[in-house]
>>> print(open('input-v5.txt').read())   # compact mmCIF, C-alpha atoms
# COMPACT_ATOMS: atom_id res chain seq x y z
CA MET A 1 -13.39 -4.15 -4.73
CA VAL A 2 -11.17 -5.09 -2.05
CA GLU A 3 -7.77 -5.81 -3.05
CA SER A 4 -5.82 -8.70 -1.98
CA GLN A 5 -3.40 -8.87 0.82
CA SER A 6 -0.71 -11.57 0.91
CA TYR A 7 -0.12 -13.88 3.83
CA THR A 8 3.00 -15.97 4.24
CA THR A 9 2.60 -19.69 3.69
CA ARG A 10 5.34 -22.28 3.54
CA ARG A 11 5.47 -25.87 2.44
CA SER A 12 7.69 -27.95 4.65
CA SER A 13 8.05 -31.69 5.10
CA ASN A 14 5.68 -32.26 2.20
CA PRO A 15 5.81 -35.94 1.23
CA ARG A 16 4.44 -35.24 -2.23
CA PHE A 17 6.86 -32.57 -3.34
CA GLU A 18 10.63 -32.29 -3.35
CA THR A 19 10.88 -28.53 -3.54
CA THR A 20 9.85 -25.82 -1.14
CA ILE A 21 7.42 -23.21 -2.42
CA SER A 22 6.53 -20.16 -0.40
CA ILE A 23 4.43 -17.07 -0.58
CA PRO A 24 6.90 -14.69 1.06
CA ILE A 25 6.29 -11.43 2.83
CA PRO A 26 9.12 -9.39 1.34
CA THR A 27 11.56 -7.60 3.57
CA THR A 28 11.32 -3.86 4.00
CA PRO A 29 12.88 -2.24 0.92
CA THR A 30 15.97 -0.08 1.10
CA ASN A 31 15.62 3.67 0.79
CA GLU A 32 16.87 3.51 -2.82
CA VAL A 33 14.07 1.13 -3.73
CA ARG A 34 11.47 2.76 -1.51
CA PHE A 35 11.89 6.36 -2.53
CA GLY A 36 12.42 6.42 -6.20
CA THR A 37 13.77 5.13 -9.45
CA SER A 38 13.68 6.74 -12.82
CA SER A 39 10.93 4.37 -13.96
CA ASN A 40 8.20 5.27 -11.50
CA ILE A 41 5.89 8.17 -10.87
CA PHE A 42 7.58 9.10 -7.58
CA PRO A 43 11.15 9.94 -8.62
CA THR A 44 13.96 10.73 -6.24
CA THR A 45 13.59 14.42 -7.11
CA THR A 46 10.19 14.60 -5.46
CA ILE A 47 9.69 17.83 -3.56
CA LEU A 48 8.11 15.93 -0.66
CA PRO A 49 10.31 14.53 2.13
CA PRO A 50 10.21 10.69 2.12
CA PRO A 51 8.39 10.42 5.51
CA LEU A 52 5.70 12.84 4.35
CA LEU A 53 5.35 11.01 1.03
CA THR A 54 4.93 7.68 2.81
CA THR A 55 2.35 9.21 5.17
CA LEU A 56 0.33 10.58 2.24
CA ILE A 57 0.44 7.20 0.48
CA ILE A 58 -0.81 5.42 3.61
CA LEU A 59 -3.56 8.04 4.01
CA SER A 60 -4.60 7.56 0.37
CA TRP A 61 -4.68 3.81 0.98
CA TYR A 62 -7.07 4.25 3.91
CA LEU A 63 -9.28 6.67 2.00
CA SER A 64 -9.52 4.54 -1.15
CA ASN A 65 -10.19 1.28 0.71
CA ILE A 66 -12.90 2.76 2.91
CA ALA A 67 -14.39 4.79 0.03
CA VAL A 68 -14.84 1.78 -2.25
CA LEU A 69 -16.54 -0.16 0.56
CA LEU A 70 -18.95 2.65 1.33
CA LEU A 71 -19.67 3.37 -2.35
CA ASN A 72 -20.35 -0.31 -3.03
CA LYS A 73 -22.67 -0.45 -0.03
CA TYR A 74 -24.52 2.70 -1.08
CA LEU A 75 -24.93 1.66 -4.72
CA LEU A 76 -26.12 -1.88 -3.98
CA THR A 77 -28.32 -1.10 -0.97
CA PHE A 78 -29.60 2.46 -1.09
CA SER A 79 -29.58 3.42 -4.79
CA SER A 80 -31.60 2.02 -7.69
CA PHE A 81 -28.55 0.10 -8.95
CA LYS A 82 -28.83 -3.54 -7.82
CA PHE A 83 -26.38 -5.35 -10.07
CA PRO A 84 -23.32 -6.52 -8.08
CA ILE A 85 -21.91 -8.73 -10.86
CA PHE A 86 -22.14 -5.94 -13.42
CA LEU A 87 -20.61 -3.54 -10.89
CA THR A 88 -17.68 -5.92 -10.45
CA MET A 89 -17.27 -6.07 -14.24
CA LEU A 90 -17.10 -2.26 -14.30
CA HIS A 91 -14.37 -2.47 -11.65
CA MET A 92 -12.42 -4.87 -13.87
CA LEU A 93 -12.79 -2.63 -16.93
CA SER A 94 -11.61 0.33 -14.87
CA CYS A 95 -8.60 -1.60 -13.61
CA THR A 96 -7.76 -2.61 -17.18
CA PHE A 97 -7.93 0.98 -18.44
CA TYR A 98 -6.02 2.60 -15.58
CA SER A 99 -3.43 -0.20 -15.42
CA PHE A 100 -2.68 0.24 -19.11
CA ILE A 101 -2.21 3.99 -18.67
CA SER A 102 -0.14 3.65 -15.50
CA ILE A 103 2.27 1.14 -17.01
CA HIS A 104 2.49 2.26 -20.65
CA PHE A 105 2.37 6.04 -20.21
CA PHE A 106 3.37 6.83 -16.62
CA HIS A 107 5.81 3.89 -16.37
CA LEU A 108 4.76 3.15 -12.81
CA VAL A 109 6.45 -0.23 -13.19
CA PRO A 110 8.26 -1.83 -16.14
CA LEU A 111 5.96 -3.79 -18.43
CA GLN A 112 6.28 -7.54 -17.96
CA HIS A 113 5.20 -9.75 -20.85
CA ILE A 114 3.46 -13.12 -20.68
CA SER A 115 6.13 -15.58 -21.75
CA SER A 116 4.11 -18.72 -22.55
CA LYS A 117 0.65 -20.23 -22.96
CA ASN A 118 1.23 -22.09 -19.72
CA GLN A 119 1.73 -18.83 -17.86
CA LEU A 120 -1.36 -17.38 -19.55
CA SER A 121 -3.48 -20.33 -18.38
CA LYS A 122 -2.22 -19.85 -14.83
CA ILE A 123 -3.15 -16.17 -14.88
CA PHE A 124 -6.58 -17.11 -16.25
CA LEU A 125 -7.13 -19.45 -13.30
CA LEU A 126 -6.10 -16.73 -10.86
CA SER A 127 -8.45 -14.34 -12.63
CA ALA A 128 -11.36 -16.76 -12.17
CA ILE A 129 -10.66 -17.07 -8.43
CA PHE A 130 -10.22 -13.30 -8.20
CA SER A 131 -13.56 -12.68 -9.95
CA PHE A 132 -15.39 -15.12 -7.69
CA SER A 133 -13.98 -13.45 -4.59
CA VAL A 134 -14.82 -9.90 -5.65
CA VAL A 135 -18.33 -10.78 -6.87
CA CYS A 136 -19.13 -12.54 -3.59
CA GLY A 137 -17.73 -9.63 -1.58
CA ASN A 138 -19.69 -6.99 -3.49
CA THR A 139 -22.93 -9.01 -3.45
CA SER A 140 -22.66 -9.61 0.31
CA LEU A 141 -22.88 -5.84 0.84
CA LYS A 142 -26.51 -6.01 -0.34
CA TYR A 143 -27.35 -8.07 2.74
CA LEU A 144 -24.80 -7.24 5.44
CA PRO A 145 -23.57 -4.03 7.06
CA VAL A 146 -20.02 -2.99 6.19
CA SER A 147 -18.91 -3.53 9.80
CA PHE A 148 -19.91 -7.22 9.76
CA ASN A 149 -18.50 -7.63 6.26
CA GLN A 150 -15.12 -6.40 7.50
CA ALA A 151 -15.24 -8.65 10.56
CA ILE A 152 -15.61 -11.71 8.33
CA GLY A 153 -12.96 -10.42 5.95
CA ALA A 154 -10.48 -10.28 8.82
CA THR A 155 -10.53 -14.08 8.97
CA THR A 156 -8.48 -14.37 5.76
CA PRO A 157 -5.43 -15.79 7.64
CA PHE A 158 -7.63 -18.62 8.95
CA PHE A 159 -8.66 -19.65 5.44
CA THR A 160 -5.11 -19.17 4.18
CA ALA A 161 -3.86 -21.68 6.76
CA ILE A 162 -6.62 -24.15 5.78
CA PHE A 163 -5.91 -23.95 2.03
CA ALA A 164 -2.15 -24.09 2.60
CA PHE A 165 -2.65 -27.38 4.45
CA LEU A 166 -5.15 -28.86 1.99
CA ILE A 167 -3.18 -27.92 -1.13
CA THR A 168 0.44 -28.10 0.00
CA TRP A 169 0.23 -30.27 3.13
CA GLN A 170 1.87 -27.45 5.03
CA CYS A 171 1.71 -27.75 8.81
CA GLU A 172 2.17 -24.55 10.77
CA SER A 173 3.67 -24.25 14.21
CA ILE A 174 1.46 -24.64 17.27
CA GLN A 175 1.86 -20.91 17.98
CA VAL A 176 0.32 -20.03 14.60
CA TYR A 177 -2.67 -22.32 15.10
CA LEU A 178 -3.22 -20.98 18.61
CA ALA A 179 -3.16 -17.44 17.24
CA LEU A 180 -5.97 -18.37 14.84
CA LEU A 181 -8.31 -19.46 17.65
CA PRO A 182 -9.31 -15.87 18.57
CA VAL A 183 -10.06 -15.25 14.88
CA VAL A 184 -12.67 -18.02 14.87
CA VAL A 185 -14.03 -17.26 18.34
CA GLY A 186 -14.44 -13.59 17.46
CA ILE A 187 -16.47 -14.35 14.34
CA VAL A 188 -18.72 -16.75 16.28
CA ILE A 189 -19.43 -13.97 18.80
CA ALA A 190 -20.01 -11.43 16.03
CA CYS A 191 -22.41 -13.74 14.13
CA ASN A 192 -24.50 -14.47 17.20
CA SER A 193 -24.61 -10.78 18.14
CA GLU A 194 -25.13 -9.09 14.75
CA PRO A 195 -28.67 -7.58 14.69
CA LEU A 196 -28.64 -7.39 10.87
CA PHE A 197 -27.32 -10.92 10.31
CA HIS A 198 -28.34 -12.45 6.96
CA LEU A 199 -27.43 -16.08 6.26
CA PHE A 200 -27.07 -15.75 2.48
CA GLY A 201 -25.03 -12.57 2.85
CA PHE A 202 -22.86 -14.30 5.43
CA MET A 203 -22.23 -17.24 3.09
CA LEU A 204 -21.29 -14.85 0.27
CA CYS A 205 -18.89 -12.96 2.52
CA VAL A 206 -17.27 -16.19 3.68
CA GLY A 207 -16.93 -17.21 0.03
CA SER A 208 -15.26 -13.91 -0.77
CA THR A 209 -12.82 -14.26 2.14
CA ALA A 210 -12.02 -17.86 1.24
CA GLY A 211 -11.50 -16.80 -2.39
CA ARG A 212 -8.91 -14.19 -1.38
CA ALA A 213 -7.06 -16.76 0.69
CA LEU A 214 -7.20 -19.37 -2.10
CA LYS A 215 -5.85 -16.86 -4.64
CA SER A 216 -2.94 -16.08 -2.32
CA VAL A 217 -2.00 -19.75 -1.98
CA VAL A 218 -2.57 -20.67 -5.63
CA GLN A 219 -0.62 -17.64 -6.85
CA GLY A 220 2.37 -18.77 -4.81
CA LEU A 221 2.15 -22.23 -6.34
CA LEU A 222 1.59 -21.26 -9.97
CA LEU A 223 3.81 -18.25 -10.53
CA THR A 224 6.96 -19.59 -8.91
CA SER A 225 9.72 -19.37 -11.52
CA ASP A 226 11.56 -16.10 -12.12
CA SER A 227 10.31 -16.01 -15.71
CA GLU A 228 6.66 -16.25 -14.59
CA LYS A 229 6.64 -13.97 -11.55
CA LEU A 230 4.70 -10.76 -12.08
CA ASN A 231 4.47 -7.76 -9.77
CA SER A 232 1.00 -6.89 -8.54
CA MET A 233 0.42 -4.10 -11.08
CA ASN A 234 1.32 -6.22 -14.12
CA LEU A 235 -0.70 -9.12 -12.74
CA LEU A 236 -3.70 -6.80 -12.41
CA LEU A 237 -3.14 -5.59 -15.99
CA TYR A 238 -3.58 -9.15 -17.29
CA MET A 239 -6.16 -10.44 -14.79
CA ALA A 240 -8.63 -7.54 -15.02
CA PRO A 241 -9.59 -7.91 -18.72
CA MET A 242 -9.88 -11.68 -18.32
CA ALA A 243 -12.18 -11.16 -15.35
CA ALA A 244 -14.31 -8.66 -17.28
CA VAL A 245 -14.75 -11.12 -20.16
CA MET A 246 -15.79 -13.86 -17.71
CA LEU A 247 -18.19 -11.65 -15.76
CA LEU A 248 -20.11 -10.13 -18.68
CA PRO A 249 -21.99 -13.30 -19.76
CA ILE A 250 -22.58 -14.25 -16.12
CA SER A 251 -24.07 -10.82 -15.46
CA LEU A 252 -26.29 -11.03 -18.55
CA CYS A 253 -27.56 -14.48 -17.55
CA ILE A 254 -28.24 -13.69 -13.90
CA GLU A 255 -29.04 -9.96 -13.92
CA GLY A 256 -30.80 -9.78 -17.30
CA ASN A 257 -30.23 -7.03 -19.85
CA VAL A 258 -28.22 -5.13 -17.29
CA MET A 259 -26.59 -2.68 -19.70
CA ALA A 260 -29.94 -1.43 -21.02
CA LYS A 261 -31.26 -1.20 -17.46
CA THR A 262 -28.21 0.78 -16.37
CA VAL A 263 -28.54 3.21 -19.29
CA GLU A 264 -32.22 3.72 -18.48
CA LYS A 265 -31.48 4.36 -14.81
CA ALA A 266 -28.68 6.75 -15.75
CA ARG A 267 -31.05 8.79 -17.93
CA ASN A 268 -33.41 9.21 -15.00
CA ASP A 269 -30.64 9.82 -12.47
CA SER A 270 -27.50 11.55 -13.78
CA VAL A 271 -25.86 11.24 -10.35
CA LEU A 272 -25.75 7.48 -10.83
CA VAL A 273 -23.32 7.89 -13.73
CA TRP A 274 -20.86 9.82 -11.58
CA LEU A 275 -21.26 7.34 -8.74
CA LEU A 276 -20.43 4.44 -11.05
CA VAL A 277 -17.45 6.24 -12.62
CA GLY A 278 -16.17 7.32 -9.21
CA ASN A 279 -16.69 3.86 -7.75
CA ALA A 280 -14.83 2.15 -10.61
CA THR A 281 -11.97 4.66 -10.37
CA VAL A 282 -11.61 4.20 -6.63
CA ALA A 283 -11.60 0.42 -7.16
CA TYR A 284 -8.42 0.85 -9.20
CA LEU A 285 -6.94 3.27 -6.66
CA VAL A 286 -7.29 0.53 -4.02
CA ASN A 287 -4.96 -1.69 -6.05
CA LEU A 288 -2.59 1.18 -6.83
CA SER A 289 -2.36 2.25 -3.18
CA ASN A 290 -1.80 -1.39 -2.13
CA PHE A 291 1.18 -1.50 -4.46
CA LEU A 292 2.56 1.88 -3.34
CA VAL A 293 2.24 1.09 0.37
CA THR A 294 4.14 -2.16 -0.13
CA LYS A 295 6.77 -0.38 -2.25
CA HIS A 296 7.35 2.43 0.26
CA THR A 297 7.07 0.34 3.43
CA SER A 298 6.65 -3.45 3.33
CA ALA A 299 4.01 -6.13 2.78
CA LEU A 300 3.90 -6.71 6.54
CA THR A 301 3.01 -3.04 7.07
CA LEU A 302 0.21 -3.42 4.54
CA GLN A 303 -1.11 -6.41 6.46
CA VAL A 304 -1.07 -4.48 9.75
CA LEU A 305 -2.77 -1.50 8.12
CA GLY A 306 -5.43 -3.86 6.80
CA ASN A 307 -6.27 -4.95 10.32
CA ALA A 308 -6.72 -1.36 11.43
CA LYS A 309 -8.63 -0.47 8.25
CA ALA A 310 -11.29 -3.07 9.02
CA ALA A 311 -11.99 -1.45 12.37
CA VAL A 312 -12.01 2.08 10.94
CA ALA A 313 -14.33 1.08 8.08
CA ALA A 314 -16.71 -0.57 10.56
CA VAL A 315 -16.95 2.59 12.69
CA VAL A 316 -17.36 4.89 9.67
CA SER A 317 -20.10 2.70 8.18
CA VAL A 318 -22.07 2.79 11.43
CA LEU A 319 -21.83 6.58 11.51
CA ILE A 320 -22.86 7.01 7.85
CA PHE A 321 -25.50 4.29 7.39
CA LYS A 322 -26.86 4.52 10.95
CA ASN A 323 -26.72 0.79 11.60
CA PRO A 324 -28.60 -0.08 14.79
CA VAL A 325 -26.33 -0.23 17.83
CA THR A 326 -27.87 -2.50 20.47
CA VAL A 327 -26.52 -4.50 23.38
CA LEU A 328 -26.10 -7.42 20.97
CA GLY A 329 -24.39 -5.04 18.58
CA VAL A 330 -21.88 -4.10 21.25
CA LEU A 331 -21.18 -7.79 21.76
CA GLY A 332 -20.69 -8.08 18.02
CA VAL A 333 -18.14 -5.27 18.11
CA SER A 334 -16.39 -7.15 20.92
CA GLY A 335 -16.30 -10.23 18.70
CA PHE A 336 -14.83 -8.09 15.92
CA GLY A 337 -12.16 -6.89 18.34
CA VAL A 338 -11.31 -10.47 19.31
CA THR A 339 -10.97 -11.36 15.62
CA ILE A 340 -8.62 -8.43 14.96
CA MET A 341 -6.56 -9.40 18.00
CA GLY A 342 -6.26 -12.92 16.60
CA VAL A 343 -5.11 -11.58 13.23
CA VAL A 344 -2.46 -9.44 14.94
CA LEU A 345 -1.25 -12.47 16.93
CA TYR A 346 -1.18 -14.54 13.74
CA SER A 347 0.90 -11.92 11.92
CA GLU A 348 3.36 -11.72 14.81
CA ALA A 349 3.65 -15.52 15.04
CA LYS A 350 4.36 -15.78 11.31
CA ARG A 351 6.92 -12.96 11.53
CA ARG A 352 8.80 -14.66 14.37
CA LEU A 353 8.71 -17.97 12.54
CA LYS A 354 10.16 -16.30 9.45
CA VAL A 355 12.94 -14.67 11.50
CA THR A 356 13.74 -17.99 13.19
CA ALA A 357 13.88 -19.76 9.83
CA HIS A 358 16.49 -17.31 8.62
>>> encode(input="input-v5.txt", output="structure tokens")
Amino acid sequence: MVESQSYTTRRSSNPRFETTISIPIPTTPTNEVRFGTSSNIFPTTTILPPPLLTTLIILSWYLSNIAVLLLNKYLLTFSSFKFPIFLTMLHMLSCTFYSFISIHFFHLVPLQHISSKNQLSKIFLLSAIFSFSVVCGNTSLKYLPVSFNQAIGATTPFFTAIFAFLITWQCESIQVYLALLPVVVGIVIACNSEPLFHLFGFMLCVGSTAGRALKSVVQGLLLTSDSEKLNSMNLLLYMAPMAAVMLLPISLCIEGNVMAKTVEKARNDSVLVWLLVGNATVAYLVNLSNFLVTKHTSALTLQVLGNAKAAVAAVVSVLIFKNPVTVLGVLGVSGFGVTIMGVVLYSEAKRRLKVTAH
């Protein structure tokens, strides 16, 4: 499960709305906020120097993000476990369990309560979009190499800009749209050059990427008031069980009696149990490390790290799974590089626009 990154979108000169709603990239926190309060698991009395602590958190973010990708790929492609929807449901159950422990026992963040049925319905909608995105992403790994999966995932800013325009009538600056051109061009090159290209897998991966972008935009529209805003860990606490409840009947309808099949496979292969437990645990660690990186640095840093993570994950997957590297494959890597360059340009254009606006 690949957790969500946030991309700044703004609604300006919208003829249908009188207010301005934004999905902001928060400013870099102060040292007091970044390095400890009495209500989190990294208090100010930590024996680690703040720079070292931040470095370890970033390293854990890289390890957890790459590990969950590789474990998903291994389970769905090379093991006897072929149930991506059920796997996603296990991720949601894991996130529910660990979120409850982190908030109620370790007090990672203060518990935020749902204040109304209206807020609950909004969270349910976000949970549905979230489930769709994760299921599509996990299922695509059955058909596509991790490297190509990450190349498509890097186009999230492109879809964010599209949904922001369609839903909020937001028009970006010409610099932002120009920065998105390399994102599209890079994916076209990568698709034409990928030796293991699979159309259905590609469509699933695009659906997953579009789902992440749609969730980012919709979340900024729905949870706008101070009484409804939830931090990422509390939002996960409420979304994960809703997603699990939605995914279970879907899994049973599409994948059959998947629980009985999983138990039978586990009896014949005890390693599978540990792989599933480890995979579900790492899926939660992805969300936890996303939160900690943002807390100790900034959301913009998380976005930049995500660009680099895609490239690192692509290289590691080629080394582990021995994906064929041909002349066309090299061209595909070049297309991936063009896409990443476009994402970097997009991030910089949005940052400058935000600075100019202030």
>>> closest_residue(input="input-v5.txt", among="A:Leu52, A:Leu222, A:Leu272, A:Ile123", to="A:Asn234", atoms="only C-alpha atoms")
A:Ile123
>>> atom_distance(input="input-v5.txt", atom1="atom CA of A:Ala314", atom2="atom CA of A:Ile66")
9.2 Å
>>> closest_residue(input="input-v5.txt", among="A:Phe124, A:Tyr143, A:Phe165, A:Phe130", to="A:Tyr74", atoms="only C-alpha atoms")
A:Tyr143
>>> closest_residue(input="input-v5.txt", among="A:Arg352, A:Glu228, A:Phe81, A:Leu70", to="A:Ala266", atoms="all atoms listed in the file")
A:Phe81
>>> residues_around(input="input-v5.txt", residues="A:Met203", least_positions_apart="6", cutoff="12 Å", atoms="only C-alpha atoms", output="MDAnalysis selection string")
chainID A and resid 133 136:137 139:141 143:144 149 152:153 191 197 209:210
>>> atom_distance(input="input-v5.txt", atom1="atom CA of A:Ala179", atom2="atom CA of A:Pro157")
10.0 Å
>>> closest_atom_pairs(input="input-v5.txt", of="stretch 197-275 of chain A", to="stretch 95-103 of chain A", cutoff="10 Å", atoms="only C-alpha atoms", output="CSV")
residue,atom,partner,partner_atom,distance
A:Met233,CA,A:Ser99,CA,7.0
A:Asn234,CA,A:Ser99,CA,7.8
A:Leu235,CA,A:Ser99,CA,9.7
A:Leu236,CA,A:Cys95,CA,7.2
A:Leu237,CA,A:Ser99,CA,5.4
A:Tyr238,CA,A:Thr96,CA,7.8
A:Met239,CA,A:Thr96,CA,8.3
A:Ala240,CA,A:Thr96,CA,5.5
A:Pro241,CA,A:Thr96,CA,5.8
A:Met242,CA,A:Thr96,CA,9.4
A:Ala243,CA,A:Thr96,CA,9.8
A:Ala244,CA,A:Thr96,CA,8.9
